[in-house]
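Next up, start_11.txt (compact mmCIF, C-alpha atoms):
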# COMPACT_ATOMS: atom_id res chain seq x y z
CA MET A 87 137.34 74.41 41.22
CA PRO A 88 137.31 74.00 37.44
CA ALA A 89 138.14 70.58 36.12
CA LYS A 90 141.54 70.14 34.57
CA LYS A 91 141.56 69.59 30.88
CA PRO A 92 142.49 66.18 29.54
CA PRO A 93 146.12 65.84 28.49
CA GLN A 94 146.76 67.67 25.28
CA GLY A 95 149.61 65.58 24.00
CA PRO A 96 150.90 62.07 24.27
CA ALA A 97 153.83 63.29 26.39
CA ASP A 98 151.46 64.52 29.07
CA GLU A 99 149.60 61.23 29.05
CA GLN A 100 152.89 59.35 29.19
CA ARG A 101 153.86 61.31 32.28
CA LEU A 102 150.53 60.52 33.88
CA LEU A 103 150.85 56.85 32.98
CA ALA A 104 154.35 56.69 34.38
CA GLY A 105 153.08 58.22 37.63
CA LEU A 106 150.27 55.71 37.79
CA ARG A 107 152.60 52.80 37.20
CA GLU A 108 154.81 54.08 40.00
CA ARG A 109 151.66 54.11 42.14
CA GLN A 110 151.88 57.77 42.92
CA GLY A 111 148.92 59.31 44.70
CA TRP A 112 149.18 62.56 42.73
CA ALA A 113 148.92 60.61 39.47
CA PHE A 114 145.70 58.99 40.57
CA LEU A 115 144.20 62.31 41.65
CA ASP A 116 145.34 63.84 38.38
CA LEU A 117 143.68 61.03 36.48
CA TYR A 118 140.51 61.58 38.44
CA HIS A 119 140.46 65.34 37.91
CA ARG A 120 141.08 64.99 34.21
CA TYR A 121 138.57 62.30 33.38
CA GLN A 122 135.88 62.30 36.08
CA GLY A 123 133.75 64.76 34.09
CA ILE A 124 133.45 62.73 30.90
CA VAL A 125 133.14 59.45 32.81
CA PHE A 126 130.38 60.83 35.02
CA ARG A 127 128.45 62.38 32.12
CA PHE A 128 128.77 59.21 30.06
CA LEU A 129 127.45 57.12 32.93
CA LEU A 130 124.73 59.64 33.67
CA HIS A 131 123.38 59.42 30.13
CA MET A 132 123.87 55.67 29.95
CA THR A 133 121.96 55.05 33.18
CA GLY A 134 119.70 58.08 33.23
CA ASN A 135 120.15 58.18 36.96
CA GLU A 136 122.44 60.55 38.79
CA SER A 137 123.01 58.46 41.88
CA ALA A 138 123.77 55.37 39.77
CA ALA A 139 126.23 57.40 37.70
CA GLU A 140 127.86 58.71 40.85
CA GLU A 141 128.15 55.23 42.30
CA LEU A 142 129.61 53.76 39.11
CA THR A 143 132.07 56.65 38.71
CA GLN A 144 133.25 56.02 42.21
CA GLU A 145 133.50 52.28 41.58
CA LEU A 146 135.56 52.83 38.45
CA PHE A 147 138.15 55.05 40.07
CA VAL A 148 138.30 53.00 43.26
CA SER A 149 139.01 49.87 41.24
CA ILE A 150 141.89 51.70 39.54
CA LEU A 151 143.19 52.73 42.93
CA LYS A 152 142.88 49.17 44.18
CA SER A 153 145.00 48.02 41.26
CA PHE A 154 147.83 49.96 42.95
CA GLU A 155 148.04 47.06 45.37
CA ARG A 156 148.38 44.54 42.60
CA GLU A 157 151.40 43.89 40.49
CA SER A 158 150.25 45.81 37.44
CA VAL A 159 148.32 49.07 37.36
CA LEU A 160 145.87 49.57 34.44
CA SER A 161 146.68 46.09 33.20
CA GLY A 162 144.00 46.25 30.49
CA PHE A 163 145.30 49.47 29.01
CA ASN A 164 147.30 49.33 25.83
CA ALA A 165 148.75 52.68 24.76
CA GLU A 166 149.12 51.44 21.17
CA LYS A 167 145.41 50.75 20.88
CA GLY A 168 144.05 53.96 22.32
CA CYS A 169 144.21 56.73 24.83
CA LEU A 170 143.44 56.75 28.53
CA GLU A 171 140.12 58.49 27.93
CA GLY A 172 139.03 55.66 25.65
CA TYR A 173 140.15 53.10 28.18
CA LEU A 174 138.13 54.77 30.91
CA ILE A 175 135.06 55.10 28.70
CA GLY A 176 135.34 51.40 27.84
CA PHE A 177 135.65 50.64 31.53
CA ALA A 178 132.60 52.79 32.31
CA ARG A 179 130.64 51.12 29.51
CA ASN A 180 131.36 47.69 30.93
CA LEU A 181 130.42 48.82 34.42
CA ALA A 182 127.13 50.25 33.18
CA ARG A 183 126.34 47.07 31.27
CA ARG A 184 127.28 44.81 34.14
CA SER A 185 125.31 46.87 36.59
CA HIS A 186 122.28 46.83 34.28
CA SER A 187 122.52 43.09 33.65
CA LYS A 188 122.79 42.46 37.41
CA GLY A 189 119.23 43.64 37.59
CA GLN A 190 119.93 47.08 38.95
CA ARG A 191 117.25 48.90 37.03
CA TRP A 192 117.60 52.60 37.34
CA THR A 193 114.66 54.85 37.95
CA SER A 194 115.35 58.08 36.23
CA LEU A 195 114.15 61.30 37.77
CA GLY A 196 113.55 62.50 34.24
CA SER A 197 111.21 59.60 33.53
CA LEU A 198 109.28 60.32 36.71
CA GLU A 199 108.84 63.89 35.61
CA LEU A 200 107.55 62.68 32.25
CA ALA A 201 104.94 60.48 33.86
CA TYR A 202 102.28 63.13 33.55
CA GLU A 203 100.64 63.89 30.21
CA PRO A 204 102.39 66.88 28.62
CA THR A 205 100.31 69.69 27.17
CA VAL A 206 100.84 71.45 23.84
CA LEU A 207 102.26 74.47 25.58
CA GLU A 208 104.87 72.28 27.16
CA GLU A 209 105.60 70.70 23.81
CA ILE A 210 106.75 73.98 22.41
CA SER A 211 109.03 74.67 25.33
CA SER A 212 112.54 73.51 24.55
CA ARG A 213 113.17 72.50 28.15
CA SER A 214 110.47 69.91 27.96
CA GLU A 215 111.91 68.69 24.66
CA VAL A 216 115.28 68.24 26.26
CA ARG A 217 113.68 66.16 28.98
CA ARG A 218 111.97 64.01 26.38
CA LEU A 219 115.19 63.68 24.49
CA ARG A 220 116.87 62.42 27.63
CA GLN A 221 114.16 59.80 28.00
CA ALA A 222 114.41 58.88 24.30
CA ILE A 223 118.18 58.40 24.67
CA LEU A 224 117.52 55.98 27.52
CA ASP A 225 115.14 54.05 25.30
CA LEU A 226 117.85 53.53 22.69
CA PRO A 227 119.61 50.15 22.61
CA ALA A 228 122.90 50.33 24.53
CA ALA A 229 125.07 50.03 21.40
CA TYR A 230 123.36 53.07 19.86
CA ARG A 231 123.06 54.98 23.11
CA GLU A 232 126.80 54.96 23.78
CA VAL A 233 127.55 56.24 20.29
CA VAL A 234 124.92 58.98 20.55
CA ILE A 235 126.30 60.03 23.93
CA LEU A 236 129.89 60.14 22.75
CA CYS A 237 129.33 61.65 19.30
CA GLY A 238 126.25 63.78 19.99
CA LEU A 239 126.69 64.89 23.58
CA GLU A 240 130.44 64.71 24.11
CA GLU A 241 131.10 65.79 20.51
CA LYS A 242 133.85 63.29 19.94
CA SER A 243 134.94 62.51 16.41
CA TYR A 244 133.99 59.23 14.77
CA GLU A 245 137.64 58.18 14.83
CA ASP A 246 137.96 58.78 18.55
CA VAL A 247 134.74 56.95 19.32
CA ALA A 248 135.72 54.07 17.05
CA ARG A 249 138.98 53.76 18.97
CA MET A 250 137.25 54.04 22.34
CA LEU A 251 134.65 51.42 21.57
CA ASP A 252 136.95 49.28 19.45
CA ARG A 253 134.56 49.38 16.48
CA PRO A 254 135.07 50.35 12.82
CA ILE A 255 134.45 53.99 11.97
CA GLY A 256 131.67 53.01 9.57
CA THR A 257 129.81 51.19 12.33
CA VAL A 258 130.09 54.19 14.62
CA ALA A 259 128.84 56.58 11.93
CA SER A 260 125.90 54.40 10.96
CA ARG A 261 124.93 53.83 14.60
CA PHE A 262 125.04 57.56 15.27
CA ASN A 263 122.85 58.35 12.26
CA ARG A 264 120.38 55.61 13.07
CA GLY A 265 120.31 56.74 16.67
CA ARG A 266 119.51 60.31 15.62
CA MET A 267 116.77 59.06 13.28
CA PHE A 268 115.31 57.01 16.10
CA LEU A 269 115.38 60.01 18.43
CA ALA A 270 113.77 62.24 15.81
CA LYS A 271 111.05 59.66 15.27
CA ARG A 272 110.44 59.29 18.98
CA LEU A 273 110.23 63.01 19.53
CA GLY A 274 108.02 63.51 16.44
CA ASN A 275 105.61 60.75 17.48
CA ARG A 276 105.31 62.15 20.97
CA ILE A 277 104.52 65.61 19.69
CA LYS A 278 101.96 64.29 17.22
CA GLY A 279 100.41 62.09 19.88
CA CYS A 280 100.21 64.96 22.30
CA VAL A 281 98.66 67.32 19.75
CA ARG A 282 96.07 64.66 18.93
CA THR A 283 95.29 64.18 22.64
CA GLU A 284 94.95 67.91 23.14
CA ARG A 285 92.59 68.26 20.14
CA CYS A 286 90.45 65.36 21.40
CA ALA A 287 90.26 66.98 24.79
CA GLN A 288 89.20 70.30 23.26
CA ASN A 289 86.49 68.61 21.07
CA HIS A 290 85.09 66.69 24.00
CA GLY A 291 85.30 69.67 26.29
CA MET B 87 108.26 62.71 -6.15
CA ALA B 88 107.37 65.98 -4.51
CA ARG B 89 105.95 64.05 -1.58
CA GLN B 90 109.18 62.11 -1.21
CA GLU B 91 111.22 65.31 -1.26
CA LYS B 92 108.90 66.83 1.28
CA ARG B 93 109.29 63.78 3.53
CA LEU B 94 113.07 63.90 3.16
CA LEU B 95 113.15 67.57 4.04
CA GLN B 96 110.92 66.93 7.01
CA SER B 97 113.12 64.13 8.32
CA GLU B 98 116.21 66.30 7.81
CA SER B 99 114.67 69.10 9.78
CA GLU B 100 113.69 66.66 12.52
CA VAL B 101 117.22 65.30 12.68
CA SER B 102 118.70 68.77 12.78
CA ARG B 103 116.31 69.57 15.60
CA VAL B 104 117.60 66.47 17.43
CA ASP B 105 121.15 67.74 16.91
CA ALA B 106 120.23 71.09 18.39
CA LEU B 107 118.57 69.38 21.32
CA LEU B 108 121.61 67.15 21.82
CA ARG B 109 123.80 70.24 22.01
CA LYS B 110 121.41 71.79 24.48
CA LEU B 111 121.34 68.63 26.60
CA SER B 112 125.13 68.55 26.50
CA GLN B 113 125.23 72.12 27.81
CA GLU B 114 122.73 71.31 30.53
CA SER B 115 124.55 68.18 31.64
CA PRO B 116 126.74 68.54 34.74
CA ARG B 117 130.36 69.15 33.89
CA GLU B 118 131.73 67.27 36.87
CA ALA B 119 130.91 64.47 39.23
CA PRO B 120 129.45 65.62 42.57
CA PRO B 121 132.05 66.98 45.03
CA ARG B 122 131.40 64.11 47.44
CA VAL B 123 132.87 61.68 44.88
CA ARG B 124 136.03 63.77 44.76
CA GLN B 125 136.12 63.84 48.55
CA HIS B 126 135.75 60.08 48.61
CA MET B 127 138.59 59.66 46.13
CA GLU B 128 140.90 61.89 48.12
CA ASN B 129 140.12 59.92 51.26
CA ALA B 130 140.65 56.68 49.39
CA VAL B 131 144.06 57.86 48.16
CA GLN B 132 145.04 58.67 51.73
CA ARG B 133 143.95 55.21 52.77
CA TYR B 134 145.22 53.14 49.89
CA ARG B 135 148.37 54.99 48.96
CA PRO B 136 150.99 52.26 48.93
CA SER B 137 154.47 53.47 49.76
CA LYS B 138 156.22 50.90 47.62
CA PRO B 139 155.01 48.69 44.83
CA LEU B 140 154.25 45.19 46.00
CA GLY B 141 155.70 43.70 42.84
CA GLY B 142 159.21 44.80 43.76
CA ARG B 143 158.88 43.41 47.24
CA ARG B 144 157.39 40.11 46.20
CA TRP B 145 160.72 38.44 45.52
CA LEU B 146 162.12 39.75 48.77
CA LEU B 147 159.11 38.39 50.60
CA ALA B 148 159.40 35.00 48.91
CA ALA B 149 163.11 34.82 49.72
CA ALA B 150 162.44 35.72 53.36
CA VAL B 151 159.77 33.03 53.62
CA LEU B 152 162.10 30.49 52.03
CA LEU B 153 164.92 31.38 54.40
CA ALA B 154 162.62 31.19 57.40
CA ALA B 155 161.35 27.77 56.31
CA LEU B 156 164.92 26.58 55.79
CA ALA B 157 165.99 27.85 59.21
CA LEU B 158 162.98 26.22 60.83
CA SER B 159 163.60 22.86 59.21
CA ILE B 160 167.31 22.94 60.14
CA GLY B 161 166.40 23.92 63.68
CA ALA B 162 163.88 21.12 63.90
CA MET B 163 166.44 18.64 62.60
CA ILE B 164 169.04 19.76 65.14
CA SER B 165 166.60 19.65 68.03
CA LYS B 166 165.40 16.21 66.95
CA ARG B 167 168.94 14.92 66.89
CA SER B 168 169.75 16.26 70.33
CA ALA B 169 166.47 15.58 72.10
CA TYR B 170 164.96 12.55 70.49
CA ILE B 171 166.79 9.44 69.56
CA SER B 172 165.13 7.27 67.03
CA PRO B 173 164.12 4.07 68.72
CA THR B 174 165.07 1.91 65.81
CA SER B 175 168.47 3.50 65.37
CA ARG B 176 169.49 3.07 68.98
CA LEU B 177 168.02 -0.32 69.60
CA LEU B 178 170.39 -2.88 70.89
CA PRO B 179 170.86 -6.04 68.90
CA PRO B 180 168.31 -8.80 69.54
CA VAL B 181 168.78 -10.48 72.80
CA ASN B 182 168.46 -14.21 72.76
CA THR B 183 169.97 -14.89 76.10
CA PRO B 184 167.66 -16.06 78.83
CA LEU B 185 168.80 -13.41 81.28
CA PRO B 186 167.01 -10.10 81.00
CA PRO B 187 169.19 -7.15 80.00
CA VAL B 188 170.67 -4.88 82.62
CA LEU B 189 170.10 -1.17 82.39
CA GLU B 190 173.19 0.96 82.42
CA LYS B 191 173.59 2.98 85.52
CA HIS B 192 174.34 6.26 83.77
CA ALA B 193 171.03 6.09 82.00
CA ILE B 194 169.11 6.70 85.21
CA THR B 195 168.86 10.17 86.57
CA THR B 196 167.82 10.93 90.08
CA ASN B 197 165.26 13.59 89.27
CA ALA B 198 161.57 13.17 88.84
CA LEU B 199 159.92 14.04 85.53
CA PRO B 200 162.36 16.35 83.73
CA SER B 201 161.20 19.89 83.52
CA ALA B 202 161.62 21.94 80.37
CA LYS B 203 164.46 23.84 81.96
CA LEU B 204 166.27 20.67 82.82
CA LYS B 205 165.78 19.39 79.29
CA ARG B 206 167.34 22.53 77.92
CA GLN B 207 170.27 22.11 80.22
CA GLN B 208 170.68 18.55 79.05
CA HIS B 209 170.65 19.71 75.45
CA ALA B 210 173.25 22.28 76.21
CA LYS B 211 175.56 19.77 77.85
CA PRO B 212 176.26 16.90 75.54
CA VAL B 213 178.66 15.46 78.09
CA ASN B 214 175.90 13.43 79.75
CA PRO B 215 174.93 10.71 77.33
CA GLN B 216 171.23 10.17 76.62
CA PRO B 217 169.67 7.00 77.95
CA VAL B 218 169.37 4.40 75.22
CA PHE B 219 166.46 2.22 74.30
CA VAL B 220 166.71 -1.43 75.18
CA ARG B 221 164.88 -3.97 73.11
CA LEU B 222 162.43 -5.94 75.17
CA PRO B 223 163.40 -9.63 75.30
CA PHE B 224 160.06 -10.98 74.08
CA SER B 225 159.71 -8.59 71.14
CA ASP B 226 160.14 -10.09 67.73
CA PRO B 227 162.85 -8.19 65.79
CA ALA B 228 161.35 -9.31 62.49
CA LEU B 229 158.31 -7.16 63.24
CA MET B 230 160.29 -3.96 63.73
CA THR B 231 159.22 -2.45 60.47
CA GLY B 232 156.83 0.35 59.77
CA THR B 233 156.00 3.11 62.19
CA SER B 234 156.25 3.10 65.90
CA VAL B 235 154.95 5.26 68.71
CA THR B 236 156.83 6.27 71.80
CA ILE B 237 154.86 6.83 74.98
CA ARG B 238 156.05 7.98 78.36
CA LEU B 239 154.79 6.23 81.45
CA ALA B 240 155.62 5.55 85.07
CA LEU B 241 156.46 1.98 86.01
CA SER B 242 157.18 0.22 89.23
CA ASP B 243 160.16 -2.04 89.73
CA ALA B 244 157.96 -5.14 89.52
CA GLU B 245 156.38 -3.99 86.25
CA LEU B 246 159.83 -3.47 84.79
CA LEU B 247 160.77 -6.96 85.80
CA ALA B 248 157.57 -8.31 84.31
CA MET B 249 158.56 -6.71 81.02
CA GLY B 250 161.88 -8.49 81.23
CA ILE B 251 164.02 -5.57 82.37
CA ARG B 252 166.10 -5.87 85.48
CA PRO B 253 167.58 -2.67 86.91
CA ILE B 254 171.07 -2.85 88.32
CA GLU B 255 170.03 -1.60 91.71
CA SER B 256 166.73 -3.23 92.29
CA ASP B 257 164.57 -1.36 94.75
CA PRO B 258 160.95 -2.53 95.08
CA SER B 259 159.79 0.81 96.39
CA ARG B 260 161.22 2.76 93.45
CA SER B 261 159.21 3.85 90.45
CA TYR B 262 160.59 4.71 87.05
CA VAL B 263 159.64 7.08 84.29
CA ALA B 264 160.24 5.30 81.02
CA ASP B 265 159.70 5.79 77.31
CA LEU B 266 158.08 2.76 75.75
CA VAL B 267 158.21 2.09 72.01
CA LEU B 268 155.04 0.52 70.69
CA GLY B 269 154.96 -1.19 67.33
CA ASP B 270 152.24 -1.07 64.70
CA ASP B 271 150.43 -3.89 66.46
CA GLY B 272 150.39 -2.00 69.76
CA LEU B 273 152.85 -4.34 71.46
CA PRO B 274 155.86 -2.87 73.28
CA ARG B 275 159.15 -3.25 71.48
CA ALA B 276 161.73 -1.33 73.46
CA ILE B 277 162.11 0.70 76.62
CA ARG B 278 164.21 3.56 77.85
CA ILE B 279 164.39 4.60 81.47
CA VAL B 280 164.26 8.35 81.61
CA SER B 281 164.43 8.95 85.33
CA HIS B 282 163.58 7.62 88.72
CA GLY B 283 160.20 8.52 89.98
CA PRO B 284 159.33 9.07 93.60
CA ARG B 285 159.55 6.18 95.97
CA ILE B 286 156.33 4.30 96.37
CA PRO B 287 155.53 4.12 100.06
CA GLY B 288 155.43 0.49 101.04
CA GLY B 289 155.97 -0.55 97.42
CA SER B 290 156.49 -4.17 96.60

Can you dump the structure from the file as structure tokens?
Amino acid sequence: MPAKKPPQGPADEQRLLAGLRERQGWAFLDLYHRYQGIVFRFLLHMTGNESAAEELTQELFVSILKSFERESVLSGFNAEKGCLEGYLIGFARNLARRSHSKGQRWTSLGSLELAYEPTVLEEISSRSEVRRLRQAILDLPAAYREVVILCGLEEKSYEDVARMLDRPIGTVASRFNRGRMFLAKRLGNRIKGCVRTERCAQNHG
Amino acid sequence: MARQEKRLLQSESEVSRVDALLRKLSQESPREAPPRVRQHMENAVQRYRPSKPLGGRRWLLAAAVLLAALALSIGAMISKRSAYISPTSRLLPPVNTPLPPVLEKHAITTNALPSAKLKRQQHAKPVNPQPVFVRLPFSDPALMTGTSVTIRLALSDAELLAMGIRPIESDPSRSYVADLVLGDDGLPRAIRIVSHGPRIPGGS
């Protein structure tokens, strides 16, 4: 079943919010169907681990559902400050940080795959580059990683990301550019290092 | 200068390559969370779906609790008034006469220890007056301050006499069930005969 698209206009979001505040089951499921994709992908790239992302996605939505039993639903959400998507991304960001600071270190399948020494032939394959990029994203500091994920992978505008993360647009733009530079450097160094290793191996062989 | 330009161009091409790779990674990334998460959410909605917001019911709940507490306290007050007579409120004035006080005849019932059923019947019929407490002759009225404890015990006729109480119809073989009021110091202050106990065979 294809995922429903996020609400196009504020009226749609208002309707969803009203349903959530009335603690309607359909509103919760609608919220989940609309935003589970972006939340899951964000957490996947933040943690680099699919099972951790799955667990945190579940935790996020379950905690929203649990707030149905309290007096106020989505108490931290302010419609004047941002949209629901931004609220959920902020929520996911906090969950990822908290989970990481608790000492739950994630072992990425991608990093396990990268444990072997890549050859030159693999370097030229774009698939391998994507895998290395994934690893390089995980090596970024969290503040840069979240901006790279949202701007680079989710293709959100600087304004949207600034609103989501509650940061100035300039900060978001500079973090994105620095993040890209860092990634380029990491990928370039790896390629150079691998070429050098390959040449050494050929000379000694 | 040419070297700088070359370096700039190189870094630009590297960054544009990163952009292309980011796009590719974005396309390769899963579009949705695994179906089991969705299944879990649907199950959770079935489980957690509250029919009515708790916030709206909170005042109702608080009011109900308040009413229940009020009813309980009123009920307790009423039952206290009908079943238990405060020893200090019903005490007779200090007795300074040498003769021990005489218990009123109506205060003595002919039954043994009153059962719960009998008590309820007594509560329902206020026609029969409750037996009153009689201050013991040797108790000091000046010490009747503070808290007191009422205990129920069975006494023989002789023990009653030893405490300074003389029943109207003295029968040495009769025993009595009495409530005794003890002061803070543990000394008896007042007594109330609740009922006759069984006859003591060959009692003194």

Open item on the list: What are the residues of chain A lining chain B at 7 Å or less? Count only C-alpha atoms, and put the answer as an NGL selection string.
Closed with: :A and (109 or 111 or 122-123 or 126-127 or 140 or 144 or 155-157 or 216 or 238-240 or 266-267 or 269-270)

- [ ] For CA of Pro227 (chain A) and CA of Leu129 (chain A), quote the distance in Å rounded to one decimal.
- [x]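 Atom-to-atom, CA of Pro227 (chain A) and CA of Leu129 (chain A) are spaced 14.7 Å apart.
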
Task: 8 Å contact set for Met132 (chain A), only C-alpha atoms, chain neighbours under 2 positions out, as a PyMOL selection string - done: chain A and resi 128-130+134+182+224+228+231-232+235

Task: Atom-to-atom span, CA of Lys92 (chain B) and CA of Phe268 (chain A), Å - done: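 That distance, rounded to one decimal, is 18.9 Å.
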
Task: Distance in Å - CA of Leu170 (chain A) versus CA of Glu141 (chain A) - done: 20.6 Å

- [ ] Excluding Val233 (chain A) and residues on its chain fewer than 2 positions from it, collect all residues at most 8 Å away from it, counting all atoms listed in the file, and give them as a PyMOL selection string.
- [x] chain A and resi 229-231+235-238+247+258+261-262

- [ ] Choose the residue, out of B:Ile164, B:Asp257, B:Thr236, B:Ala150, that has the smallest atom-to-atom separation from Arg278 (chain B); count all atoms listed in the file.
- [x]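 Looking at the shortest contact to Arg278 (chain B), the residue is B:Thr236.
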
Open item on the list: Quick one: residues within 9 Å of Cys169 (chain A), all atoms listed in the file, excluding same-chain residues fewer than 4 positions away - as an MDAnalysis selection string?
Closed with: chainID A and resid 96 99 163:165 173:174 249:250

Task: Counting only C-alpha atoms, the option among B:Val235, B:Val220, B:Leu95, B:Leu146 closest to Arg252 (chain B) - done: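 With only C-alpha atoms as the atom set, the closest residue is B:Val220.
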
- [ ] Return the single residue from A:Thr257, A:His186, A:Phe114, A:Asp98 that is closest to Lys152 (chain A), with distances computed using all atoms listed in the file.
- [x]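 Of all the options, A:Phe114 lies closest to Lys152 (chain A).
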
- [ ] Considering all atoms listed in the file, state which residue in the set A:Gln100, A:His131, A:Leu146, A:Arg107 is at the smallest distance from Glu166 (chain A).
- [x]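 Answer, going by the shortest atom-to-atom distance: A:Gln100.
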